[in-house]
file target.cif (mmCIF, C-alpha atoms, pLDDT in the B column; chains and numbers go by the auth columns)
data_work
loop_
_atom_site.group_PDB
_atom_site.id
_atom_site.type_symbol
_atom_site.label_atom_id
_atom_site.label_comp_id
_atom_site.label_asym_id
_atom_site.label_seq_id
_atom_site.Cartn_x
_atom_site.Cartn_y
_atom_site.Cartn_z
_atom_site.B_iso_or_equiv
_atom_site.auth_seq_id
_atom_site.auth_asym_id
ATOM 1 C CA MET A 1 13.713 -7.292 36.592 75.00 1 A
ATOM 2 C CA LYS A 2 11.466 -10.304 37.097 88.00 2 A
ATOM 3 C CA MET A 3 8.386 -10.961 35.008 92.00 3 A
ATOM 4 C CA GLN A 4 4.988 -10.183 36.535 97.00 4 A
ATOM 5 C CA ILE A 5 2.017 -12.357 35.579 98.00 5 A
ATOM 6 C CA HIS A 6 -1.367 -11.538 37.100 98.00 6 A
ATOM 7 C CA PRO A 7 -3.073 -14.534 38.754 98.00 7 A
ATOM 8 C CA THR A 8 -6.067 -14.266 36.408 98.00 8 A
ATOM 9 C CA ALA A 9 -3.922 -14.470 33.250 98.00 9 A
ATOM 10 C CA ILE A 10 -3.699 -17.752 31.335 98.00 10 A
ATOM 11 C CA VAL A 11 -0.298 -18.629 29.847 98.00 11 A
ATOM 12 C CA GLU A 12 -0.167 -21.977 28.067 98.00 12 A
ATOM 13 C CA ASN A 13 2.822 -24.277 28.448 98.00 13 A
ATOM 14 C CA GLY A 14 5.496 -23.579 25.854 98.00 14 A
ATOM 15 C CA ALA A 15 5.113 -19.803 25.738 98.00 15 A
ATOM 16 C CA VAL A 16 8.458 -18.004 25.988 98.00 16 A
ATOM 17 C CA ILE A 17 8.449 -14.968 28.281 98.00 17 A
ATOM 18 C CA GLY A 18 11.376 -12.513 28.419 98.00 18 A
ATOM 19 C CA ASP A 19 12.801 -10.609 31.365 97.00 19 A
ATOM 20 C CA GLY A 20 10.740 -7.808 32.844 98.00 20 A
ATOM 21 C CA VAL A 21 7.532 -8.792 31.024 98.00 21 A
ATOM 22 C CA ARG A 22 4.260 -7.694 32.630 98.00 22 A
ATOM 23 C CA ILE A 23 1.108 -9.648 31.832 98.00 23 A
ATOM 24 C CA GLY A 24 -1.991 -8.003 33.259 98.00 24 A
ATOM 25 C CA PRO A 25 -5.387 -9.329 34.353 98.00 25 A
ATOM 26 C CA TYR A 26 -7.312 -11.737 32.122 98.00 26 A
ATOM 27 C CA CYS A 27 -4.738 -11.960 29.348 98.00 27 A
ATOM 28 C CA VAL A 28 -4.548 -15.232 27.394 98.00 28 A
ATOM 29 C CA LEU A 29 -1.345 -16.443 25.691 98.00 29 A
ATOM 30 C CA GLY A 30 -1.013 -19.499 23.466 98.00 30 A
ATOM 31 C CA GLY A 31 1.761 -22.043 23.778 98.00 31 A
ATOM 32 C CA GLU A 32 3.757 -20.820 20.751 98.00 32 A
ATOM 33 C CA VAL A 33 3.807 -17.153 21.702 98.00 33 A
ATOM 34 C CA ARG A 34 7.177 -15.470 22.331 98.00 34 A
ATOM 35 C CA LEU A 35 7.390 -12.193 24.268 98.00 35 A
ATOM 36 C CA GLY A 36 10.624 -10.194 24.246 98.00 36 A
ATOM 37 C CA ASP A 37 12.043 -8.414 27.271 98.00 37 A
ATOM 38 C CA ASN A 38 9.908 -5.725 28.927 98.00 38 A
ATOM 39 C CA VAL A 39 6.789 -6.383 26.855 98.00 39 A
ATOM 40 C CA VAL A 40 3.652 -5.136 28.623 98.00 40 A
ATOM 41 C CA LEU A 41 0.196 -6.658 28.085 98.00 41 A
ATOM 42 C CA HIS A 42 -1.988 -4.297 30.086 98.00 42 A
ATOM 43 C CA SER A 43 -5.091 -6.490 30.506 98.00 43 A
ATOM 44 C CA HIS A 44 -7.588 -8.599 28.505 98.00 44 A
ATOM 45 C CA VAL A 45 -5.082 -9.117 25.670 98.00 45 A
ATOM 46 C CA ALA A 46 -5.377 -12.331 23.636 98.00 46 A
ATOM 47 C CA VAL A 47 -2.238 -13.519 21.826 98.00 47 A
ATOM 48 C CA ALA A 48 -2.373 -16.736 19.787 98.00 48 A
ATOM 49 C CA GLY A 49 -0.544 -18.748 17.150 98.00 49 A
ATOM 50 C CA ARG A 50 3.126 -18.513 16.216 98.00 50 A
ATOM 51 C CA THR A 51 3.417 -14.900 17.322 98.00 51 A
ATOM 52 C CA THR A 52 6.629 -13.114 18.304 98.00 52 A
ATOM 53 C CA ILE A 53 6.422 -9.713 20.022 99.00 53 A
ATOM 54 C CA GLY A 54 9.598 -7.636 20.255 98.00 54 A
ATOM 55 C CA ALA A 55 11.110 -6.076 23.363 98.00 55 A
ATOM 56 C CA GLY A 56 9.435 -3.034 24.863 98.00 56 A
ATOM 57 C CA THR A 57 6.164 -3.360 22.964 99.00 57 A
ATOM 58 C CA GLN A 58 2.994 -2.436 24.862 98.00 58 A
ATOM 59 C CA ILE A 59 -0.433 -3.884 24.069 99.00 59 A
ATOM 60 C CA TYR A 60 -3.641 -2.462 25.505 99.00 60 A
ATOM 61 C CA PRO A 61 -6.945 -4.139 26.485 98.00 61 A
ATOM 62 C CA PHE A 62 -9.015 -6.235 24.104 98.00 62 A
ATOM 63 C CA ALA A 63 -6.407 -6.445 21.367 99.00 63 A
ATOM 64 C CA SER A 64 -6.512 -9.702 19.376 98.00 64 A
ATOM 65 C CA ILE A 65 -3.030 -10.616 18.176 99.00 65 A
ATOM 66 C CA GLY A 66 -2.071 -13.639 16.052 98.00 66 A
ATOM 67 C CA HIS A 67 -5.441 -15.321 15.670 98.00 67 A
ATOM 68 C CA ALA A 68 -6.439 -17.008 12.394 98.00 68 A
ATOM 69 C CA PRO A 69 -6.600 -14.745 9.309 98.00 69 A
ATOM 70 C CA GLN A 70 -9.927 -13.621 7.888 97.00 70 A
ATOM 71 C CA ASP A 71 -9.169 -15.388 4.625 96.00 71 A
ATOM 72 C CA LEU A 72 -11.278 -18.218 3.225 95.00 72 A
ATOM 73 C CA LYS A 73 -8.142 -19.677 1.626 94.00 73 A
ATOM 74 C CA TYR A 74 -6.510 -20.161 5.032 96.00 74 A
ATOM 75 C CA HIS A 75 -6.592 -23.809 6.106 95.00 75 A
ATOM 76 C CA GLY A 76 -4.653 -23.791 9.351 96.00 76 A
ATOM 77 C CA GLU A 77 -1.132 -23.609 7.926 97.00 77 A
ATOM 78 C CA ARG A 78 1.514 -22.818 10.536 96.00 78 A
ATOM 79 C CA SER A 79 2.125 -19.241 9.521 98.00 79 A
ATOM 80 C CA GLU A 80 3.600 -16.462 11.666 98.00 80 A
ATOM 81 C CA LEU A 81 3.044 -12.973 12.988 98.00 81 A
ATOM 82 C CA ILE A 82 6.249 -11.120 13.874 98.00 82 A
ATOM 83 C CA ILE A 83 5.973 -7.791 15.704 99.00 83 A
ATOM 84 C CA GLY A 84 9.071 -5.664 16.254 98.00 84 A
ATOM 85 C CA LYS A 85 10.356 -3.664 19.193 98.00 85 A
ATOM 86 C CA ASN A 86 8.878 -0.707 21.075 99.00 86 A
ATOM 87 C CA ASN A 87 5.505 -0.661 19.376 99.00 87 A
ATOM 88 C CA VAL A 88 2.358 0.727 21.007 99.00 88 A
ATOM 89 C CA ILE A 89 -0.715 -1.328 20.137 99.00 89 A
ATOM 90 C CA ARG A 90 -3.881 0.212 21.499 98.00 90 A
ATOM 91 C CA GLU A 91 -7.311 -1.141 22.400 98.00 91 A
ATOM 92 C CA HIS A 92 -9.209 -3.482 20.043 98.00 92 A
ATOM 93 C CA VAL A 93 -6.382 -3.736 17.502 99.00 93 A
ATOM 94 C CA THR A 94 -6.365 -6.931 15.421 98.00 94 A
ATOM 95 C CA MET A 95 -3.241 -8.324 13.719 98.00 95 A
ATOM 96 C CA ASN A 96 -3.359 -11.607 11.806 98.00 96 A
ATOM 97 C CA PRO A 97 -0.591 -14.021 10.772 98.00 97 A
ATOM 98 C CA GLY A 98 0.324 -14.841 7.187 98.00 98 A
ATOM 99 C CA THR A 99 -1.037 -17.446 4.798 98.00 99 A
ATOM 100 C CA GLU A 100 0.358 -19.942 2.329 97.00 100 A
ATOM 101 C CA GLY A 101 -0.611 -17.589 -0.507 94.00 101 A
ATOM 102 C CA GLY A 102 1.464 -14.741 0.888 95.00 102 A
ATOM 103 C CA GLY A 103 4.719 -16.145 2.197 92.00 103 A
ATOM 104 C CA MET A 104 3.401 -17.444 5.533 98.00 104 A
ATOM 105 C CA LYS A 105 4.297 -14.302 7.482 98.00 105 A
ATOM 106 C CA THR A 106 2.889 -10.952 8.572 98.00 106 A
ATOM 107 C CA ALA A 107 5.668 -8.610 9.727 98.00 107 A
ATOM 108 C CA ILE A 108 5.434 -5.404 11.767 98.00 108 A
ATOM 109 C CA GLY A 109 8.527 -3.208 12.208 98.00 109 A
ATOM 110 C CA ASP A 110 9.768 -1.257 15.227 99.00 110 A
ATOM 111 C CA ASN A 111 8.523 1.885 17.000 98.00 111 A
ATOM 112 C CA GLY A 112 5.040 1.910 15.480 98.00 112 A
ATOM 113 C CA LEU A 113 1.833 3.353 16.913 99.00 113 A
ATOM 114 C CA PHE A 114 -1.364 1.454 16.131 99.00 114 A
ATOM 115 C CA MET A 115 -4.344 3.297 17.560 98.00 115 A
ATOM 116 C CA VAL A 116 -7.739 2.015 18.670 98.00 116 A
ATOM 117 C CA GLY A 117 -9.396 -0.472 16.326 98.00 117 A
ATOM 118 C CA VAL A 118 -6.628 -0.749 13.738 98.00 118 A
ATOM 119 C CA HIS A 119 -6.725 -3.925 11.634 98.00 119 A
ATOM 120 C CA ILE A 120 -3.664 -5.425 9.938 98.00 120 A
ATOM 121 C CA ALA A 121 -4.627 -8.379 7.777 98.00 121 A
ATOM 122 C CA HIS A 122 -2.660 -11.449 6.735 98.00 122 A
ATOM 123 C CA ASP A 123 0.667 -11.174 4.907 98.00 123 A
ATOM 124 C CA CYS A 124 1.090 -7.429 5.405 98.00 124 A
ATOM 125 C CA VAL A 125 4.609 -6.024 5.751 98.00 125 A
ATOM 126 C CA ILE A 126 4.848 -2.850 7.833 98.00 126 A
ATOM 127 C CA GLY A 127 8.002 -0.747 8.205 98.00 127 A
ATOM 128 C CA ASP A 128 9.415 1.130 11.186 98.00 128 A
ATOM 129 C CA HIS A 129 7.892 4.235 12.825 98.00 129 A
ATOM 130 C CA VAL A 130 4.532 3.689 11.115 98.00 130 A
ATOM 131 C CA ILE A 131 1.463 5.401 12.582 98.00 131 A
ATOM 132 C CA MET A 132 -2.037 4.091 11.944 98.00 132 A
ATOM 133 C CA ALA A 133 -4.828 6.181 13.451 98.00 133 A
ATOM 134 C CA ASN A 134 -8.111 4.919 14.886 98.00 134 A
ATOM 135 C CA ASN A 135 -9.912 2.229 12.866 98.00 135 A
ATOM 136 C CA ALA A 136 -7.535 2.362 9.904 98.00 136 A
ATOM 137 C CA THR A 137 -7.631 -0.953 8.054 98.00 137 A
ATOM 138 C CA LEU A 138 -5.188 -2.808 5.817 98.00 138 A
ATOM 139 C CA GLY A 139 -6.364 -5.582 3.512 98.00 139 A
ATOM 140 C CA GLY A 140 -4.170 -8.635 2.980 98.00 140 A
ATOM 141 C CA HIS A 141 -0.700 -8.395 1.417 98.00 141 A
ATOM 142 C CA VAL A 142 -0.371 -4.610 1.898 98.00 142 A
ATOM 143 C CA ALA A 143 3.150 -3.171 2.183 98.00 143 A
ATOM 144 C CA VAL A 144 3.722 0.028 4.181 98.00 144 A
ATOM 145 C CA GLY A 145 7.068 1.842 4.160 98.00 145 A
ATOM 146 C CA ASP A 146 8.920 3.436 7.075 98.00 146 A
ATOM 147 C CA HIS A 147 7.433 6.575 8.674 98.00 147 A
ATOM 148 C CA ALA A 148 4.155 6.302 6.763 98.00 148 A
ATOM 149 C CA VAL A 149 1.037 7.735 8.445 98.00 149 A
ATOM 150 C CA ILE A 150 -2.407 6.286 7.737 98.00 150 A
ATOM 151 C CA GLY A 151 -5.328 8.418 8.868 98.00 151 A
ATOM 152 C CA GLY A 152 -8.317 7.295 10.878 98.00 152 A
ATOM 153 C CA LEU A 153 -11.112 5.270 9.251 98.00 153 A
ATOM 154 C CA SER A 154 -9.030 4.746 6.111 98.00 154 A
ATOM 155 C CA GLY A 155 -9.082 1.484 4.174 98.00 155 A
ATOM 156 C CA VAL A 156 -6.210 0.182 2.053 98.00 156 A
ATOM 157 C CA HIS A 157 -7.040 -2.386 -0.643 98.00 157 A
ATOM 158 C CA GLN A 158 -5.321 -5.766 -0.766 97.00 158 A
ATOM 159 C CA PHE A 159 -1.834 -5.807 -2.369 97.00 159 A
ATOM 160 C CA VAL A 160 -1.520 -1.999 -2.404 98.00 160 A
ATOM 161 C CA ARG A 161 1.880 -0.477 -1.538 98.00 161 A
ATOM 162 C CA ILE A 162 2.271 2.637 0.605 98.00 162 A
ATOM 163 C CA GLY A 163 5.679 4.273 0.170 98.00 163 A
ATOM 164 C CA ALA A 164 7.948 5.513 2.947 98.00 164 A
ATOM 165 C CA HIS A 165 7.062 8.897 4.487 98.00 165 A
ATOM 166 C CA ALA A 166 3.682 8.945 2.743 98.00 166 A
ATOM 167 C CA VAL A 167 0.552 10.213 4.504 98.00 167 A
ATOM 168 C CA ILE A 168 -2.986 8.946 3.937 98.00 168 A
ATOM 169 C CA GLY A 169 -5.775 11.355 4.870 98.00 169 A
ATOM 170 C CA GLY A 170 -8.557 10.194 7.163 97.00 170 A
ATOM 171 C CA THR A 171 -11.540 8.268 5.708 98.00 171 A
ATOM 172 C CA SER A 172 -9.638 7.596 2.459 98.00 172 A
ATOM 173 C CA GLY A 173 -10.198 4.507 0.339 98.00 173 A
ATOM 174 C CA VAL A 174 -6.781 3.646 -1.128 98.00 174 A
ATOM 175 C CA GLU A 175 -6.994 1.474 -4.245 97.00 175 A
ATOM 176 C CA ASN A 176 -3.669 2.298 -5.923 97.00 176 A
ATOM 177 C CA ASP A 177 -0.011 2.446 -4.903 98.00 177 A
ATOM 178 C CA VAL A 178 1.100 5.622 -3.094 98.00 178 A
ATOM 179 C CA ILE A 179 4.558 6.965 -3.928 98.00 179 A
ATOM 180 C CA PRO A 180 7.114 7.601 -1.174 98.00 180 A
ATOM 181 C CA TYR A 181 6.737 11.109 0.299 98.00 181 A
ATOM 182 C CA GLY A 182 3.256 11.383 -1.240 98.00 182 A
ATOM 183 C CA ARG A 183 0.029 12.732 0.268 98.00 183 A
ATOM 184 C CA VAL A 184 -3.293 11.217 -0.698 98.00 184 A
ATOM 185 C CA LYS A 185 -6.839 11.902 0.407 97.00 185 A
ATOM 186 C CA GLY A 186 -10.452 11.461 -0.654 96.00 186 A
ATOM 187 C CA GLU A 187 -13.210 8.875 -0.524 95.00 187 A
ATOM 188 C CA ARG A 188 -11.500 7.264 -3.506 95.00 188 A
ATOM 189 C CA ALA A 189 -8.026 8.450 -2.719 97.00 189 A
ATOM 190 C CA PHE A 190 -6.170 10.724 -5.146 97.00 190 A
ATOM 191 C CA LEU A 191 -2.648 12.080 -5.004 98.00 191 A
ATOM 192 C CA ALA A 192 -2.825 15.577 -3.508 98.00 192 A
ATOM 193 C CA GLY A 193 0.882 16.408 -3.520 97.00 193 A
ATOM 194 C CA LEU A 194 3.865 15.737 -1.291 98.00 194 A
ATOM 195 C CA ASN A 195 3.774 15.185 2.461 98.00 195 A
ATOM 196 C CA LEU A 196 5.440 18.554 3.040 97.00 196 A
ATOM 197 C CA ILE A 197 4.589 18.868 6.724 96.00 197 A
ATOM 198 C CA GLY A 198 5.825 15.361 7.461 97.00 198 A
ATOM 199 C CA LEU A 199 9.067 15.958 5.577 97.00 199 A
ATOM 200 C CA GLU A 200 9.737 19.169 7.500 97.00 200 A
ATOM 201 C CA ARG A 201 9.002 17.500 10.826 96.00 201 A
ATOM 202 C CA ARG A 202 11.431 14.683 10.074 96.00 202 A
ATOM 203 C CA GLY A 203 14.297 17.023 9.333 97.00 203 A
ATOM 204 C CA PHE A 204 14.470 17.010 5.547 97.00 204 A
ATOM 205 C CA THR A 205 16.212 20.169 4.320 97.00 205 A
ATOM 206 C CA LYS A 206 14.558 22.889 2.261 97.00 206 A
ATOM 207 C CA ASP A 207 16.777 21.991 -0.701 97.00 207 A
ATOM 208 C CA GLN A 208 15.762 18.323 -0.480 98.00 208 A
ATOM 209 C CA ILE A 209 12.085 19.244 -0.371 98.00 209 A
ATOM 210 C CA LYS A 210 12.398 21.692 -3.276 98.00 210 A
ATOM 211 C CA THR A 211 14.132 19.033 -5.361 98.00 211 A
ATOM 212 C CA LEU A 212 11.433 16.505 -4.545 98.00 212 A
ATOM 213 C CA GLN A 213 8.767 19.036 -5.496 98.00 213 A
ATOM 214 C CA ARG A 214 10.369 19.735 -8.878 98.00 214 A
ATOM 215 C CA ALA A 215 10.661 16.039 -9.616 98.00 215 A
ATOM 216 C CA PHE A 216 7.085 15.421 -8.462 98.00 216 A
ATOM 217 C CA ASN A 217 5.744 18.168 -10.745 97.00 217 A
ATOM 218 C CA GLN A 218 7.516 16.656 -13.734 97.00 218 A
ATOM 219 C CA LEU A 219 6.552 13.077 -12.902 96.00 219 A
ATOM 220 C CA PHE A 220 2.853 13.914 -12.706 96.00 220 A
ATOM 221 C CA SER A 221 2.649 16.482 -15.483 94.00 221 A
ATOM 222 C CA ASP A 222 0.407 16.044 -18.525 90.00 222 A
ATOM 223 C CA GLU A 223 3.258 15.624 -21.004 89.00 223 A
ATOM 224 C CA GLY A 224 3.968 12.216 -22.512 92.00 224 A
ATOM 225 C CA THR A 225 3.315 8.860 -20.874 93.00 225 A
ATOM 226 C CA MET A 226 4.126 7.926 -17.297 92.00 226 A
ATOM 227 C CA ASP A 227 6.957 5.672 -18.489 93.00 227 A
ATOM 228 C CA GLN A 228 8.459 8.521 -20.520 96.00 228 A
ATOM 229 C CA ARG A 229 8.221 10.931 -17.595 96.00 229 A
ATOM 230 C CA MET A 230 9.802 8.396 -15.239 96.00 230 A
ATOM 231 C CA GLU A 231 12.800 7.987 -17.533 97.00 231 A
ATOM 232 C CA SER A 232 13.164 11.738 -17.956 97.00 232 A
ATOM 233 C CA VAL A 233 13.019 12.370 -14.197 98.00 233 A
ATOM 234 C CA ALA A 234 15.421 9.498 -13.516 97.00 234 A
ATOM 235 C CA GLN A 235 18.002 10.986 -15.882 97.00 235 A
ATOM 236 C CA GLU A 236 17.669 14.554 -14.596 97.00 236 A
ATOM 237 C CA PHE A 237 17.675 13.667 -10.901 98.00 237 A
ATOM 238 C CA SER A 238 19.940 10.619 -10.918 97.00 238 A
ATOM 239 C CA ASN A 239 22.120 12.134 -8.176 97.00 239 A
ATOM 240 C CA HIS A 240 19.192 12.820 -5.829 98.00 240 A
ATOM 241 C CA PRO A 241 18.477 9.745 -3.645 97.00 241 A
ATOM 242 C CA LEU A 242 15.023 10.884 -2.507 97.00 242 A
ATOM 243 C CA VAL A 243 13.820 11.340 -6.077 98.00 243 A
ATOM 244 C CA MET A 244 15.296 8.006 -7.065 98.00 244 A
ATOM 245 C CA ASP A 245 13.359 6.420 -4.187 97.00 245 A
ATOM 246 C CA MET A 246 10.169 7.577 -5.924 97.00 246 A
ATOM 247 C CA ILE A 247 11.351 6.358 -9.314 97.00 247 A
ATOM 248 C CA GLN A 248 12.401 2.946 -8.036 97.00 248 A
ATOM 249 C CA PHE A 249 9.065 2.542 -6.261 97.00 249 A
ATOM 250 C CA ALA A 250 7.195 3.480 -9.459 95.00 250 A
ATOM 251 C CA ARG A 251 9.229 1.042 -11.540 94.00 251 A
ATOM 252 C CA GLU A 252 8.506 -1.810 -9.138 93.00 252 A
ATOM 253 C CA LYS A 253 4.742 -1.629 -9.549 78.00 253 A
ATOM 254 C CA THR A 254 3.016 -4.981 -9.194 81.00 254 A
ATOM 255 C CA ARG A 255 -0.769 -5.228 -9.347 90.00 255 A
ATOM 256 C CA PHE A 256 -1.893 -1.630 -9.247 94.00 256 A
ATOM 257 C CA PRO A 257 -0.939 1.631 -10.943 94.00 257 A
ATOM 258 C CA LEU A 258 0.271 4.648 -9.004 96.00 258 A
ATOM 259 C CA CYS A 259 -2.249 6.839 -7.263 97.00 259 A
ATOM 260 C CA GLN A 260 -2.531 9.946 -9.480 95.00 260 A
ATOM 261 C CA PRO A 261 -3.561 13.589 -9.025 95.00 261 A
ATOM 262 C CA PRO A 262 -7.129 14.386 -10.108 91.00 262 A
ATOM 263 C CA ARG A 263 -7.547 14.995 -13.806 79.00 263 A
ATOM 264 C CA LYS A 264 -7.871 18.589 -14.895 69.00 264 A
ATOM 265 C CA ALA A 265 -11.178 19.576 -16.423 53.00 265 A
ATOM 266 C CA ALA A 266 -11.063 19.799 -20.216 50.00 266 A
#

call {"tool": "encode", "arguments": {"input": "target.cif", "output": "structure tokens"}}
result
Amino acid sequence: MKMQIHPTAIVENGAVIGDGVRIGPYCVLGGEVRLGDNVVLHSHVAVAGRTTIGAGTQIYPFASIGHAPQDLKYHGERSELIIGKNNVIREHVTMNPGTEGGGMKTAIGDNGLFMVGVHIAHDCVIGDHVIMANNATLGGHVAVGDHAVIGGLSGVHQFVRIGAHAVIGGTSGVENDVIPYGRVKGERAFLAGLNLIGLERRGFTKDQIKTLQRAFNQLFSDEGTMDQRMESVAQEFSNHPLVMDMIQFAREKTRFPLCQPPRKAA
């Protein structure tokens, strides 16, 4: 299938366009942009910088993809934005490339859905099958695991990690790392339990979910320190990969502690 480029679109020399690409009215592409096969830019899409967009991805009107990061430390370094395959990027989404302070690359996985007004800042790393609802925002250097869901109007602080299969409730302010399979909510987000509905929908068995729940209850109990509870859970559930995913994530903490359940009243 041949590419289709609307006469009103502007494609600078040097841009690489794959087979079957459709570029709609009033789109603007920079000279270092690379579009994989069957990418669709519906109309009024602006793609700049060293941006690669994977095959089958669709981008809707007024999205701004690959323009300079909103970071005062950025000084024009030749960083990248790499977007995977079969993503849906809706209206007014903004995605920025990386910076020298973060490895020079922002990376988006495959099969994601990024709804109206989503913002992904510089140096973020996003997994596969991620859903971000309307106006959800990621600060710089955020990492989001596969199958995570981030609710509308939520904001995730710079350098925070969101584990795989986690769900963030709408309008949440996330300031701490969220464990895999976790569920957080609240104006200042707290850990509200496991993402039970999401786990069921994705085909996890009842036994797997029950095991995760037991491990979760022990990990976030009031007994001992977090480090002590992590070691205890790791020993008891060493043969359970899903639990060990949580433990490994907790052990790899960088800047922020884990998001915790609310404290019980004394």

call {"tool": "closest_residue", "arguments": {"input": "target.cif", "among": "A:Val93, A:Val160, A:Ile150, A:Leu81", "to": "Arg183 (chain A)", "atoms": "only C-alpha atoms"}}
result
A:Ile150

call {"tool": "resolve_selection", "arguments": {"input": "target.cif", "expression": "the PyMOL selection byres ((chain A and resi 232) around 12)", "output": "list in words"}}
result
Ala215, Phe216, Gln218, Leu219, Phe220, Ser221, Glu223, Gly224, Thr225, Met226, Asp227, Gln228, Arg229, Met230, Glu231, Val233, Ala234, Gln235, Glu236, Phe237, Ser238, Val243, Met244 and Ile247 of chain A

call {"tool": "axis_aligned_box", "arguments": {"input": "target.cif", "around": "region 228-242 of chain A", "padding_each_side": "5 Å", "output": "AutoDock Vina command-line options"}}
result
--center_x 15.2 --center_y 11.3 --center_z -11.5 --size_x 23.9 --size_y 16.6 --size_z 28.0

call {"tool": "resolve_selection", "arguments": {"input": "target.cif", "expression": "the PyMOL selection byres ((chain A and resi 255) around 9)", "output": "PyMOL selection string"}}
result
chain A and resi 159-160+176-177+253-254+256-257

call {"tool": "write_last_selection", "arguments": {"input": "target.cif", "atoms": "C-alpha atoms", "output": "mmCIF file, in the coordinates of the input"}}
result
data_model
loop_
_atom_site.group_PDB
_atom_site.id
_atom_site.type_symbol
_atom_site.label_atom_id
_atom_site.label_comp_id
_atom_site.auth_asym_id
_atom_site.auth_seq_id
_atom_site.Cartn_x
_atom_site.Cartn_y
_atom_site.Cartn_z
ATOM 1 C CA PHE A 159 -1.834 -5.807 -2.369
ATOM 2 C CA VAL A 160 -1.520 -1.999 -2.404
ATOM 3 C CA ASN A 176 -3.669 2.298 -5.923
ATOM 4 C CA ASP A 177 -0.011 2.446 -4.903
ATOM 5 C CA LYS A 253 4.742 -1.629 -9.549
ATOM 6 C CA THR A 254 3.016 -4.981 -9.194
ATOM 7 C CA PHE A 256 -1.893 -1.630 -9.247
ATOM 8 C CA PRO A 257 -0.939 1.631 -10.943
#

call {"tool": "closest_residue", "arguments": {"input": "target.cif", "among": "A:Ile82, A:Ala48, A:Gln70, A:Glu252", "to": "Gly36 (chain A)", "atoms": "only C-alpha atoms"}}
result
A:Ile82

call {"tool": "resolve_selection", "arguments": {"input": "target.cif", "expression": "the PyMOL selection byres ((chain A and resi 125) around 8)", "output": "ChimeraX atom specification"}}
result
/A:106-108,123-124,126-127,141-144

call {"tool": "atom_distance", "arguments": {"input": "target.cif", "atom1": "CA of Asn38 (chain A)", "atom2": "CA of Asn111 (chain A)"}}
result
14.2 Å

call {"tool": "residues_around", "arguments": {"input": "target.cif", "residues": "Pro241 (chain A)", "least_positions_apart": "5", "cutoff": "10 Å", "atoms": "all atoms listed in the file", "output": "list in words"}}
result
Gln208, Leu212, Met246 and Ile247 of chain A

call {"tool": "closest_residue", "arguments": {"input": "target.cif", "among": "A:Asn13, A:Gln248, A:Thr99, A:Asn239", "to": "Glu77 (chain A)", "atoms": "all atoms listed in the file"}}
result
A:Thr99

call {"tool": "closest_residue", "arguments": {"input": "target.cif", "among": "A:Gly30, A:Gln260, A:Val45, A:Glu175", "to": "Asp222 (chain A)", "atoms": "only C-alpha atoms"}}
result
A:Gln260

call {"tool": "closest_residue", "arguments": {"input": "target.cif", "among": "A:Glu91, A:Asp37, A:Glu80, A:Glu32", "to": "Pro61 (chain A)", "atoms": "all atoms listed in the file"}}
result
A:Glu91

call {"tool": "closest_residue", "arguments": {"input": "target.cif", "among": "A:Leu242, A:Cys259, A:Val21, A:Leu153", "to": "His165 (chain A)", "atoms": "all atoms listed in the file"}}
result
A:Leu242

call {"tool": "atom_distance", "arguments": {"input": "target.cif", "atom1": "CA of Val16 (chain A)", "atom2": "CA of Asn87 (chain A)"}}
result
18.8 Å

call {"tool": "atom_distance", "arguments": {"input": "target.cif", "atom1": "CA of Gly139 (chain A)", "atom2": "CA of Leu35 (chain A)"}}
result
25.8 Å

call {"tool": "closest_atom_pairs", "arguments": {"input": "target.cif", "of": "region 79-186 of chain A", "to": "region 191-199 of chain A", "cutoff": "7 Å", "atoms": "only C-alpha atoms", "output": "tab-separated table"}}
result
residue	atom	partner	partner_atom	distance
A:Ala166	CA	A:Asn195	CA	6.2
A:Val167	CA	A:Asn195	CA	6.3
A:Tyr181	CA	A:Asn195	CA	5.5
A:Gly182	CA	A:Leu194	CA	4.4
A:Arg183	CA	A:Asn195	CA	5.0
A:Val184	CA	A:Leu191	CA	4.4
A:Lys185	CA	A:Ala192	CA	6.7

call {"tool": "write_last_selection", "arguments": {"input": "target.cif", "atoms": "C-alpha atoms", "output": "CSV table (one decimal), keeping the file's coordinate frame"}}
result
chain,number,residue,atom,x,y,z
A,166,ALA,CA,3.7,8.9,2.7
A,167,VAL,CA,0.6,10.2,4.5
A,181,TYR,CA,6.7,11.1,0.3
A,182,GLY,CA,3.3,11.4,-1.2
A,183,ARG,CA,0.0,12.7,0.3
A,184,VAL,CA,-3.3,11.2,-0.7
A,185,LYS,CA,-6.8,11.9,0.4

call {"tool": "build_atoms", "arguments": {"input": "target.cif", "residues": "region 184-189 of chain A", "atoms": "N, CA and C atoms", "output": "mmCIF file, in the frame of the given file"}}
result
data_model
loop_
_atom_site.group_PDB
_atom_site.id
_atom_site.type_symbol
_atom_site.label_atom_id
_atom_site.label_comp_id
_atom_site.auth_asym_id
_atom_site.auth_seq_id
_atom_site.Cartn_x
_atom_site.Cartn_y
_atom_site.Cartn_z
ATOM 1 N N VAL A 184 -2.060 11.553 -0.008
ATOM 2 C CA VAL A 184 -3.293 11.217 -0.698
ATOM 3 C C VAL A 184 -4.477 11.440 0.236
ATOM 4 N N LYS A 185 -5.623 11.678 -0.368
ATOM 5 C CA LYS A 185 -6.839 11.902 0.407
ATOM 6 C C LYS A 185 -8.035 11.643 -0.490
ATOM 7 N N GLY A 186 -9.221 11.595 0.119
ATOM 8 C CA GLY A 186 -10.452 11.461 -0.654
ATOM 9 C C GLY A 186 -11.120 10.130 -0.461
ATOM 10 N N GLU A 187 -12.444 10.115 -0.665
ATOM 11 C CA GLU A 187 -13.210 8.875 -0.524
ATOM 12 C C GLU A 187 -12.641 7.785 -1.405
ATOM 13 N N ARG A 188 -12.321 8.106 -2.649
ATOM 14 C CA ARG A 188 -11.500 7.264 -3.506
ATOM 15 C C ARG A 188 -10.208 8.037 -3.688
ATOM 16 N N ALA A 189 -9.189 7.611 -2.967
ATOM 17 C CA ALA A 189 -8.026 8.450 -2.719
ATOM 18 C C ALA A 189 -7.341 8.896 -4.009
#
